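Peer 1: Have a peek at target_20.txt (compact mmCIF, C-alpha atoms).
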```
# COMPACT_ATOMS: atom_id res chain seq x y z
CA MET A 261 24.45 -6.20 -17.83
CA ALA A 262 23.75 -3.03 -19.78
CA ASP A 263 23.92 0.47 -18.38
CA TYR A 264 20.63 1.76 -17.04
CA GLU A 265 19.53 5.34 -17.57
CA PRO A 266 16.13 6.03 -15.98
CA GLU A 267 13.35 7.96 -17.71
CA TYR A 268 11.43 10.71 -15.90
CA ARG A 269 14.16 11.05 -13.28
CA GLY A 270 13.07 13.03 -10.21
CA SER A 271 9.38 12.66 -11.06
CA VAL A 272 6.58 11.31 -8.89
CA THR A 273 3.79 9.11 -10.26
CA LYS A 274 0.47 8.56 -8.49
CA TYR A 275 -2.57 6.45 -9.26
CA VAL A 276 -5.95 8.14 -8.92
CA PHE A 277 -8.85 5.68 -8.62
CA VAL A 278 -12.48 6.70 -8.86
CA GLU A 279 -15.40 4.51 -7.73
CA SER A 280 -18.30 6.90 -7.69
CA PRO A 281 -21.98 6.91 -8.69
CA ASP A 282 -21.54 10.50 -9.90
CA MET A 283 -18.26 10.39 -11.80
CA THR A 284 -16.77 8.00 -14.35
CA PRO A 285 -13.02 7.62 -14.99
CA GLY A 286 -13.61 9.50 -18.27
CA ASP A 287 -15.21 12.45 -16.44
CA LEU A 288 -12.35 12.47 -13.97
CA ALA A 289 -9.76 12.56 -16.77
CA ILE A 290 -11.49 15.46 -18.55
CA ARG A 291 -11.68 17.51 -15.35
CA ALA A 292 -8.08 16.64 -14.47
CA TYR A 293 -6.85 17.77 -17.92
CA GLU A 294 -8.46 21.17 -17.29
CA ILE A 295 -6.28 21.81 -14.24
CA ALA A 296 -3.25 19.64 -15.10
CA GLY A 297 -0.79 22.41 -15.91
CA GLY A 298 2.53 20.72 -16.66
CA VAL A 299 1.59 17.38 -15.10
CA MET A 300 1.40 14.39 -17.44
CA ILE A 301 -1.88 12.47 -17.26
CA LYS A 302 -2.50 8.94 -18.48
CA GLU A 303 -6.07 7.71 -18.67
CA THR A 304 -6.83 4.21 -17.42
CA CYS A 305 -9.95 2.10 -16.97
CA PHE A 306 -10.09 2.85 -13.22
CA GLY A 307 -9.10 6.53 -13.25
CA ILE A 308 -5.83 8.21 -14.16
CA GLN A 309 -2.11 8.21 -13.47
CA VAL A 310 -0.41 11.56 -12.89
CA THR A 311 3.32 12.14 -13.34
CA GLY A 312 5.32 15.29 -12.64
CA SER A 313 7.36 17.05 -10.00
CA GLU A 314 6.35 16.23 -6.43
CA SER A 315 4.89 19.67 -5.64
CA GLU A 316 2.89 19.80 -8.91
CA VAL A 317 1.52 16.29 -8.41
CA GLU A 318 0.59 16.95 -4.76
CA ASP A 319 -1.21 20.14 -5.76
CA LEU A 320 -3.08 18.43 -8.61
CA VAL A 321 -4.02 15.45 -6.46
CA SER A 322 -5.45 17.62 -3.69
CA ARG A 323 -7.57 19.47 -6.27
CA ILE A 324 -8.69 16.21 -7.91
CA ARG A 325 -9.72 14.83 -4.51
CA SER A 326 -12.02 17.80 -4.01
CA PHE A 327 -14.16 16.68 -7.02
CA ASP A 328 -15.58 13.79 -4.99
CA PRO A 329 -13.66 13.44 -1.71
CA THR A 330 -15.21 10.20 -0.48
CA HIS A 331 -15.00 8.33 -3.80
CA ILE A 332 -11.57 9.29 -5.16
CA PHE A 333 -8.56 7.37 -3.85
CA VAL A 334 -4.87 8.01 -4.44
CA LYS A 335 -1.72 5.96 -4.01
CA ASP A 336 1.95 6.19 -5.00
CA ARG A 337 3.38 4.28 -7.93
CA GLY A 338 7.02 3.28 -8.30
CA PHE A 339 7.08 3.07 -12.10
CA PRO A 340 6.35 5.88 -14.57
CA PRO A 341 3.34 5.35 -16.88
CA GLY A 342 3.82 3.08 -19.88
CA ASP A 343 7.04 1.58 -18.52
CA PRO A 344 7.77 -1.51 -20.67
CA ARG A 345 8.68 -3.52 -17.55
CA ARG A 346 5.18 -3.03 -16.13
CA CYS A 347 2.85 -2.08 -19.00
CA ARG A 348 0.64 -5.01 -20.02
CA ALA A 349 0.90 -3.95 -23.66
CA ASN A 350 4.37 -5.53 -23.57
CA LEU A 351 3.77 -8.34 -21.09
CA GLY A 352 0.35 -9.81 -21.84
CA GLY A 353 -2.07 -10.84 -19.10
CA ALA A 354 -2.93 -8.72 -16.12
CA ARG A 355 -0.53 -5.98 -15.08
CA PRO A 356 1.50 -6.94 -11.98
CA GLY A 357 -0.35 -5.35 -9.09
CA PHE A 358 -3.74 -5.66 -10.77
CA PHE A 359 -4.99 -8.35 -8.40
CA GLY A 360 -4.36 -6.22 -5.33
CA HIS A 361 -6.26 -3.33 -6.87
CA GLU A 362 -9.05 -5.66 -8.01
CA PHE A 363 -9.45 -6.99 -4.45
CA GLU A 364 -9.42 -3.57 -2.79
CA MET A 365 -11.74 -1.98 -5.37
CA GLY A 366 -14.24 -4.71 -4.43
CA ILE A 367 -14.49 -3.41 -0.86
CA ILE A 368 -13.75 0.27 -1.41
CA ARG A 369 -17.45 1.17 -1.25
CA HIS A 370 -17.30 0.28 2.46
CA ILE A 371 -14.42 2.75 2.87
CA SER A 372 -16.39 5.43 1.00
CA ARG A 373 -19.28 4.82 3.37
CA GLY A 374 -16.94 5.15 6.36
CA LEU A 375 -15.50 8.42 5.04
CA LEU A 376 -19.00 9.75 4.39
CA ARG A 377 -20.14 8.99 7.93
CA LEU A 378 -16.93 10.06 9.70
CA PRO A 379 -17.75 13.80 10.11
CA SER A 380 -21.14 13.05 11.71
CA ARG A 381 -19.73 10.39 14.02
CA ASP A 382 -19.55 11.19 17.74
CA PRO A 383 -15.80 11.38 18.52
CA GLY A 384 -16.51 9.97 21.98
CA ILE A 385 -17.62 6.61 20.55
CA GLU A 386 -14.80 4.08 20.55
CA PRO A 387 -14.46 2.40 17.11
CA HIS A 388 -14.73 -1.38 16.94
CA PRO A 389 -13.05 -2.32 13.64
CA PRO A 390 -12.75 -5.91 12.39
CA THR A 391 -9.65 -7.32 14.05
CA PRO A 392 -7.67 -10.52 13.50
CA ASP A 393 -9.01 -13.51 15.37
CA HIS A 394 -6.30 -15.92 16.46
CA THR A 395 -8.55 -18.19 18.52
CA GLY A 396 -9.11 -20.59 15.61
CA ARG A 397 -5.48 -21.69 15.50
CA LEU A 398 -4.38 -25.06 16.82
CA ASP A 399 -2.09 -24.52 19.79
CA SER A 400 0.87 -26.80 20.50
CA ALA A 401 -0.62 -28.25 23.71
CA ARG A 402 -3.73 -29.37 21.83
CA LEU A 403 -1.57 -30.81 19.03
CA LYS A 404 0.44 -32.81 21.58
CA ALA A 405 -2.78 -34.12 23.10
CA ILE A 406 -3.98 -35.25 19.66
CA ILE A 407 -0.66 -37.02 19.01
CA ALA A 408 -0.72 -38.66 22.44
CA ALA A 409 -4.27 -39.92 21.89
CA LYS A 410 -2.98 -42.24 19.10
CA GLU A 411 -6.41 -42.61 17.59
CA PRO A 412 -6.54 -44.83 14.50
CA MET B 244 3.11 14.51 10.27
CA ALA B 245 4.25 10.95 11.05
CA LYS B 246 5.71 8.35 8.70
CA VAL B 247 3.37 5.37 8.80
CA PHE B 248 4.40 1.97 7.41
CA ILE B 249 1.48 0.21 5.78
CA TYR B 250 1.03 -3.54 5.42
CA PRO B 251 0.16 -4.80 2.80
CA ALA B 252 2.75 -2.33 1.54
CA THR B 253 0.96 -2.00 -1.82
CA SER B 254 -2.46 -1.27 -0.30
CA LEU B 255 -4.46 1.45 -2.04
CA ILE B 256 -6.89 1.83 0.87
CA LEU B 257 -4.23 2.22 3.57
CA SER B 258 -2.02 4.48 1.44
CA ASP B 259 -4.98 6.75 0.66
CA LEU B 260 -6.31 6.95 4.23
CA VAL B 261 -2.89 7.71 5.72
CA ALA B 262 -2.23 10.47 3.16
CA ARG B 263 -5.82 11.78 3.47
CA PHE B 264 -5.39 12.26 7.24
CA ASP B 265 -2.16 14.21 6.67
CA HIS B 266 0.53 11.62 7.38
CA THR B 267 3.10 10.01 5.11
CA PRO B 268 2.40 6.43 3.99
CA LEU B 269 5.52 4.27 3.61
CA GLY B 270 4.82 1.55 1.05
CA THR B 271 6.52 -0.50 -1.64
CA ALA B 272 6.17 2.24 -4.27
CA LEU B 273 8.68 4.48 -2.48
CA GLY B 274 11.36 1.78 -2.36
CA ILE B 275 10.75 0.74 -5.97
CA ARG B 276 10.68 4.36 -7.20
CA GLU B 277 14.07 4.97 -5.60
CA ARG B 278 15.52 1.99 -7.50
CA ILE B 279 13.75 2.76 -10.78
CA GLN B 280 15.05 6.34 -10.78
CA THR B 281 18.66 5.57 -9.85
CA PRO B 282 21.07 5.14 -12.80
CA GLY B 283 23.30 2.07 -12.75
CA LEU B 284 23.13 -1.37 -14.28
CA GLU B 285 19.98 -2.60 -15.95
CA SER B 286 18.23 -5.24 -13.84
CA PRO B 287 14.61 -5.67 -14.94
CA PRO B 288 11.85 -5.84 -13.92
CA LEU B 289 12.25 -4.08 -10.53
CA GLN B 290 15.87 -2.88 -10.69
CA ILE B 291 16.64 -5.17 -7.75
CA THR B 292 20.38 -5.55 -8.35
CA PRO B 293 22.70 -8.20 -6.86
CA ASP B 294 23.60 -5.59 -4.23
CA ASP B 295 20.12 -5.72 -2.71
CA PRO B 296 20.33 -9.26 -1.28
CA LYS B 297 23.63 -8.13 0.27
CA ARG B 298 21.89 -5.15 1.86
CA GLY B 299 19.18 -7.57 3.02
CA LEU B 300 21.79 -9.31 5.17
CA LYS B 301 21.10 -6.63 7.75
CA TYR B 302 17.62 -8.09 8.23
CA ALA B 303 17.94 -11.81 7.43
CA ALA B 304 20.76 -14.33 7.83
CA VAL B 305 22.89 -15.48 4.90
CA GLU B 306 21.23 -18.91 4.74
CA VAL B 307 17.84 -17.23 4.18
CA PRO B 308 16.88 -17.34 0.47
CA SER B 309 18.09 -14.36 -1.56
CA GLY B 310 14.45 -13.61 -2.51
CA VAL B 311 13.68 -12.80 1.11
CA ARG B 312 16.83 -10.72 1.51
CA GLY B 313 16.12 -8.83 -1.73
CA ARG B 314 12.60 -8.02 -0.58
CA MET B 315 13.86 -6.99 2.86
CA ALA B 316 16.30 -4.59 1.19
CA VAL B 317 13.17 -2.73 0.00
CA TYR B 318 11.03 -3.06 3.15
CA GLY B 319 13.70 -2.97 5.88
CA PRO B 320 14.73 0.70 5.47
CA LEU B 321 11.05 1.72 5.28
CA ILE B 322 10.27 -0.06 8.57
CA GLU B 323 13.37 1.48 10.19
CA ASP B 324 12.16 4.90 9.03
CA ALA B 325 8.57 4.38 10.24
CA GLU B 326 7.19 6.09 13.33
CA ALA B 327 3.98 4.02 13.34
CA ALA B 328 2.43 1.13 11.41
CA ILE B 329 -0.98 -0.06 10.24
CA VAL B 330 -1.19 -3.81 9.60
CA VAL B 331 -4.11 -5.51 7.85
CA HIS B 332 -3.85 -9.23 8.54
CA ASP B 333 -6.32 -10.90 6.18
CA ALA B 334 -4.97 -9.57 2.88
CA ASP B 335 -5.36 -12.51 0.51
CA PHE B 336 -3.51 -10.70 -2.26
CA ALA B 337 -0.35 -10.58 -0.13
CA PHE B 338 -0.21 -14.37 -0.65
CA GLY B 339 2.65 -15.51 -2.79
CA CYS B 340 5.62 -17.84 -3.05
CA MET B 341 7.72 -18.78 -0.01
CA GLY B 342 9.83 -15.66 -0.57
CA CYS B 343 6.74 -13.48 -0.20
CA ALA B 344 5.36 -15.54 2.70
CA ARG B 345 8.60 -15.47 4.72
CA THR B 346 9.12 -11.79 3.95
CA ASN B 347 5.58 -11.05 5.16
CA GLU B 348 6.31 -12.86 8.44
CA LEU B 349 9.61 -11.05 8.83
CA VAL B 350 8.01 -7.66 8.08
CA LYS B 351 5.37 -8.22 10.79
CA PHE B 352 8.06 -9.43 13.20
CA MET B 353 10.22 -6.35 12.55
CA ILE B 354 7.26 -4.04 13.17
CA ARG B 355 6.64 -5.76 16.54
CA GLN B 356 10.33 -5.65 17.40
CA ARG B 357 10.52 -1.90 16.79
CA SER B 358 7.77 -1.29 19.37
CA ILE B 359 6.25 1.58 17.40
CA PRO B 360 2.50 2.37 17.71
CA THR B 361 0.74 -0.27 15.60
CA LEU B 362 -2.88 -0.70 14.56
CA ASP B 363 -3.93 -4.28 13.75
CA LEU B 364 -7.01 -4.73 11.57
CA ASN B 365 -8.84 -6.93 9.13
CA TYR B 366 -10.44 -5.68 5.93
CA PRO B 367 -14.09 -4.59 6.30
CA ARG B 368 -16.70 -6.94 4.81
CA THR B 369 -19.79 -4.77 5.37
CA GLU B 370 -20.70 -1.08 5.38
CA GLY B 371 -20.84 -1.06 9.18
CA GLU B 372 -17.37 -2.56 9.41
CA GLY B 373 -16.15 -0.02 6.84
CA GLU B 374 -17.38 2.79 9.07
CA GLU B 375 -15.54 1.32 12.08
CA PHE B 376 -12.42 0.62 9.97
CA VAL B 377 -12.16 4.24 8.81
CA ALA B 378 -12.96 5.58 12.30
CA ALA B 379 -10.27 3.36 13.87
CA ILE B 380 -7.61 4.51 11.39
CA HIS B 381 -8.68 8.13 11.85
CA GLN B 382 -8.45 7.84 15.64
CA PHE B 383 -5.07 6.05 15.46
CA LEU B 384 -3.58 8.67 13.12
CA ALA B 385 -5.04 11.49 15.25
CA SER B 386 -3.20 10.04 18.25
CA LEU B 387 0.05 10.49 16.28
CA GLY B 388 -0.68 14.20 15.75
CA GLY B 389 -1.55 16.10 12.58
CA ARG B 390 -4.71 17.47 10.97
CA LEU B 391 -8.15 16.12 11.85
```
Represent the structure contained in this file as structure tokens.

Peer 2:
Amino acid sequence: MADYEPEYRGSVTKYVFVESPDMTPGDLAIRAYEIAGGVMIKETCFGIQVTGSESEVEDLVSRIRSFDPTHIFVKDRGFPPGDPRRCRANLGGARPGFFGHEFEMGIIRHISRGLLRLPSRDPGIEPHPPTPDHTGRLDSARLKAIIAAKEP
Amino acid sequence: MAKVFIYPATSLILSDLVARFDHTPLGTALGIRERIQTPGLESPPLQITPDDPKRGLKYAAVEVPSGVRGRMAVYGPLIEDAEAAIVVHDADFAFGCMGCARTNELVKFMIRQRSIPTLDLNYPRTEGEGEEFVAAIHQFLASLGGRL
């Protein structure tokens, strides 16, 4: 095993996704560059990645969110941008983690809708979100009954 | 501001909503970042070193595959640190090998065992469900304290 010396030590990287009818990832990147200061920005097909000190990144992210609050989404990333262990330029195929993002970006318009409607929602109304339904599972008593039936 | 464990731990939607409503999301990225930024011996791709399955012994027995123990070395401390949890149950992308599957079961079990406030959900399939999904998370996080 070789010694490991990390790059960008002490930095924080965040993904910024945009799924908006009014803003493309390219628009987002241009506006982010204008206010980036010392934060490193990497453009991607879905938005940008920002890397820098925690306070700088938090500040930038809160300002980026204000561009289109209900259509811009942010999450933490463990790796710095362009890391050869993660970057698909070195690996080929989809980047690890792509499928999760692909799935969630497919339903994120429903979240945008929810965020848009949240301020006008009566706080007294109890939310009824989709919840897991366990009734479809085969319980052990029913399984025993099936075994005992000995049907051909 | 409460620390909220999210499951799936890589979820963009949960991570964003928790941070948006002024709480701290605890997800995989934090555990991986800690490993990626710590000097030591090179162990690509995730810097999960042979020490991690040993640390995972705190959460899973020695006869449990090392893949589960290695994963639990990342998730276990996050769950221990969490003050609340949001669990989405029908996340197809959390599907994986037996290591992933058993770790997912163990993660959900540990959340239950800790008896912290937990919100159980499914992903929204329609706009109406999306509205209820966001409202439920907002209400749950408001009950933990913080900005509304």

Peer 1: Only residues of chain A matter here; which ones have an atom within 6 Å of chain B, counting only C-alpha atoms? Give them as a compact mmCIF listing (two decimals) with C-alpha atoms, in the coordinates of the input.

Peer 2:
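Dumped everything to result31.txt:
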```txt
# COMPACT_ATOMS: atom_id res chain seq x y z
CA ALA A 262 23.75 -3.03 -19.78
CA ASP A 263 23.92 0.47 -18.38
CA TYR A 264 20.63 1.76 -17.04
CA GLU A 265 19.53 5.34 -17.57
CA PRO A 266 16.13 6.03 -15.98
CA ARG A 269 14.16 11.05 -13.28
CA PHE A 333 -8.56 7.37 -3.85
CA VAL A 334 -4.87 8.01 -4.44
CA LYS A 335 -1.72 5.96 -4.01
CA ASP A 336 1.95 6.19 -5.00
CA ARG A 337 3.38 4.28 -7.93
CA GLY A 338 7.02 3.28 -8.30
CA ARG A 345 8.68 -3.52 -17.55
CA GLY A 360 -4.36 -6.22 -5.33
CA HIS A 370 -17.30 0.28 2.46
CA ILE A 371 -14.42 2.75 2.87
CA GLY A 374 -16.94 5.15 6.36
CA PRO A 387 -14.46 2.40 17.11
CA HIS A 388 -14.73 -1.38 16.94
CA PRO A 389 -13.05 -2.32 13.64
CA PRO A 390 -12.75 -5.91 12.39
CA THR A 391 -9.65 -7.32 14.05
CA PRO A 392 -7.67 -10.52 13.50
```

Peer 1: Please provide as a ChimeraX atom specification all residues within 10 Å of Pro308 of chain B, with the sequence filter that same-chain residues fewer than 5 positions apart are discarded (counting all atoms listed in the file).

Peer 2: /B:296,303,313,341-342,345

Peer 1: Which value, in Å to one decimal, gives the distance between atom CA of Val350 of chain B and atom CA of Val317 of chain B?

Peer 2: 10.8 Å

Peer 1: Please compute the atom CA of Pro341 of chain A-atom CA of Thr267 of chain B distance, one decimal, in Å.

Peer 2: 22.5 Å

Peer 1: Give me the residues near Lys351 of chain B as an MDAnalysis selection string, where near means some atom within 12 Å (using only C-alpha atoms) and where sequence neighbours in that chain fewer than 2 positions away do not count.

Peer 2: chainID B and resid 248:252 315 318:319 322 328:332 344:349 353:359 361:363

Peer 1: Rounded to one decimal place, report the atom CA of Ile295 of chain A-atom CA of Glu279 of chain A distance in Å.

Peer 2: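 That distance, rounded to one decimal, is 20.6 Å.
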
Peer 1: Might you pull out every residue within 12 Å of Met283 of chain A, with all atoms listed in the file counted and same-chain residues fewer than 4 positions away left off, and present them as a PyMOL selection string?

Peer 2: chain A and resi 277-279+287-291+306-307+324+327-332

Peer 1: Considering all atoms listed in the file, state which residue in the set A:Gly352, A:Arg397, A:Lys274, A:Phe339 is at the smallest distance from Glu316 of chain A.

Peer 2: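 Looking at the shortest contact to Glu316 of chain A, the residue is A:Lys274.
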
Peer 1: Go through B:Ser309, B:Phe264, B:Cys343, B:Phe352 one by one, measure the shortest atom-to-atom distance of each to Val247 of chain B using all atoms listed in the file, and give the residue with the smallest value.

Peer 2: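 Using all atoms listed in the file, the shortest distance to Val247 of chain B belongs to B:Phe264.
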
Peer 1: Determine the axis-aligned bounding box of all atoms of segment 346-357 of chain A present in the file, pad each side by 3 Å, and express its centre and edge lengths in Å to one decimal place as lines of an AutoDock Vina configuration file.

Peer 2:
```
center_x = 1.1
center_y = -6.5
center_z = -16.4
size_x = 14.1
size_y = 14.8
size_z = 20.6
```

Peer 1: Measuring atom to atom with all atoms listed in the file, identify which of A:Cys347, A:Ser326, A:Ala292, A:Pro340 is nearest to Thr311 of chain A.

Peer 2: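 Among the listed residues, A:Pro340 lies closest to Thr311 of chain A.
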
Peer 1: Extract segment 275-295 of chain A from the coordinates I pasted, and write it as a PDB file, in the first residue's frame (atoms kept: N, CA and C atoms).

Peer 2:
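The file below, part09.pdb, is the result:
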```
ATOM      1  N   TYR A 275     -22.802  19.513  -4.470  1.00  0.00           N
ATOM      2  CA  TYR A 275     -23.463  19.492  -5.769  1.00  0.00           C
ATOM      3  C   TYR A 275     -24.586  20.524  -5.754  1.00  0.00           C
ATOM      4  N   VAL A 276     -24.739  21.247  -6.845  1.00  0.00           N
ATOM      5  CA  VAL A 276     -25.909  22.118  -7.013  1.00  0.00           C
ATOM      6  C   VAL A 276     -26.621  21.659  -8.281  1.00  0.00           C
ATOM      7  N   PHE A 277     -27.848  21.183  -8.116  1.00  0.00           N
ATOM      8  CA  PHE A 277     -28.653  20.706  -9.248  1.00  0.00           C
ATOM      9  C   PHE A 277     -29.686  21.770  -9.594  1.00  0.00           C
ATOM     10  N   VAL A 278     -29.930  21.954 -10.871  1.00  0.00           N
ATOM     11  CA  VAL A 278     -31.014  22.858 -11.270  1.00  0.00           C
ATOM     12  C   VAL A 278     -31.940  22.121 -12.236  1.00  0.00           C
ATOM     13  N   GLU A 279     -33.234  22.198 -11.947  1.00  0.00           N
ATOM     14  CA  GLU A 279     -34.264  21.600 -12.812  1.00  0.00           C
ATOM     15  C   GLU A 279     -35.378  22.634 -12.906  1.00  0.00           C
ATOM     16  N   SER A 280     -35.162  23.613 -13.770  1.00  0.00           N
ATOM     17  CA  SER A 280     -36.044  24.769 -13.781  1.00  0.00           C
ATOM     18  C   SER A 280     -36.464  25.123 -15.199  1.00  0.00           C
ATOM     19  N   PRO A 281     -37.701  25.612 -15.363  1.00  0.00           N
ATOM     20  CA  PRO A 281     -38.108  26.084 -16.695  1.00  0.00           C
ATOM     21  C   PRO A 281     -37.480  27.434 -17.041  1.00  0.00           C
ATOM     22  N   ASP A 282     -36.919  28.115 -16.034  1.00  0.00           N
ATOM     23  CA  ASP A 282     -36.395  29.467 -16.255  1.00  0.00           C
ATOM     24  C   ASP A 282     -34.872  29.553 -16.248  1.00  0.00           C
ATOM     25  N   MET A 283     -34.203  28.464 -15.901  1.00  0.00           N
ATOM     26  CA  MET A 283     -32.747  28.549 -15.768  1.00  0.00           C
ATOM     27  C   MET A 283     -32.085  27.239 -16.208  1.00  0.00           C
ATOM     28  N   THR A 284     -31.111  27.333 -17.091  1.00  0.00           N
ATOM     29  CA  THR A 284     -30.381  26.138 -17.514  1.00  0.00           C
ATOM     30  C   THR A 284     -29.134  25.991 -16.635  1.00  0.00           C
ATOM     31  N   PRO A 285     -28.503  24.807 -16.648  1.00  0.00           N
ATOM     32  CA  PRO A 285     -27.253  24.661 -15.892  1.00  0.00           C
ATOM     33  C   PRO A 285     -26.188  25.674 -16.328  1.00  0.00           C
ATOM     34  N   GLY A 286     -26.188  26.027 -17.631  1.00  0.00           N
ATOM     35  CA  GLY A 286     -25.236  27.022 -18.120  1.00  0.00           C
ATOM     36  C   GLY A 286     -25.482  28.403 -17.517  1.00  0.00           C
ATOM     37  N   ASP A 287     -26.767  28.790 -17.446  1.00  0.00           N
ATOM     38  CA  ASP A 287     -27.120  30.077 -16.812  1.00  0.00           C
ATOM     39  C   ASP A 287     -26.688  30.089 -15.357  1.00  0.00           C
ATOM     40  N   LEU A 288     -26.953  28.966 -14.692  1.00  0.00           N
ATOM     41  CA  LEU A 288     -26.615  28.870 -13.266  1.00  0.00           C
ATOM     42  C   LEU A 288     -25.107  29.055 -13.074  1.00  0.00           C
ATOM     43  N   ALA A 289     -24.321  28.392 -13.934  1.00  0.00           N
ATOM     44  CA  ALA A 289     -22.862  28.469 -13.807  1.00  0.00           C
ATOM     45  C   ALA A 289     -22.383  29.910 -13.997  1.00  0.00           C
ATOM     46  N   ILE A 290     -22.919  30.585 -15.015  1.00  0.00           N
ATOM     47  CA  ILE A 290     -22.490  31.972 -15.280  1.00  0.00           C
ATOM     48  C   ILE A 290     -22.801  32.871 -14.087  1.00  0.00           C
ATOM     49  N   ARG A 291     -24.011  32.714 -13.525  1.00  0.00           N
ATOM     50  CA  ARG A 291     -24.384  33.557 -12.378  1.00  0.00           C
ATOM     51  C   ARG A 291     -23.575  33.181 -11.145  1.00  0.00           C
ATOM     52  N   ALA A 292     -23.246  31.900 -11.018  1.00  0.00           N
ATOM     53  CA  ALA A 292     -22.447  31.473  -9.858  1.00  0.00           C
ATOM     54  C   ALA A 292     -21.022  32.020  -9.965  1.00  0.00           C
ATOM     55  N   TYR A 293     -20.445  32.028 -11.180  1.00  0.00           N
ATOM     56  CA  TYR A 293     -19.089  32.573 -11.368  1.00  0.00           C
ATOM     57  C   TYR A 293     -19.029  34.033 -10.915  1.00  0.00           C
ATOM     58  N   GLU A 294     -20.124  34.767 -11.160  1.00  0.00           N
ATOM     59  CA  GLU A 294     -20.134  36.199 -10.821  1.00  0.00           C
ATOM     60  C   GLU A 294     -19.956  36.446  -9.330  1.00  0.00           C
ATOM     61  N   ILE A 295     -20.441  35.498  -8.508  1.00  0.00           N
ATOM     62  CA  ILE A 295     -20.398  35.720  -7.058  1.00  0.00           C
ATOM     63  C   ILE A 295     -19.501  34.697  -6.353  1.00  0.00           C
TER      64      ILE A 295
END
```
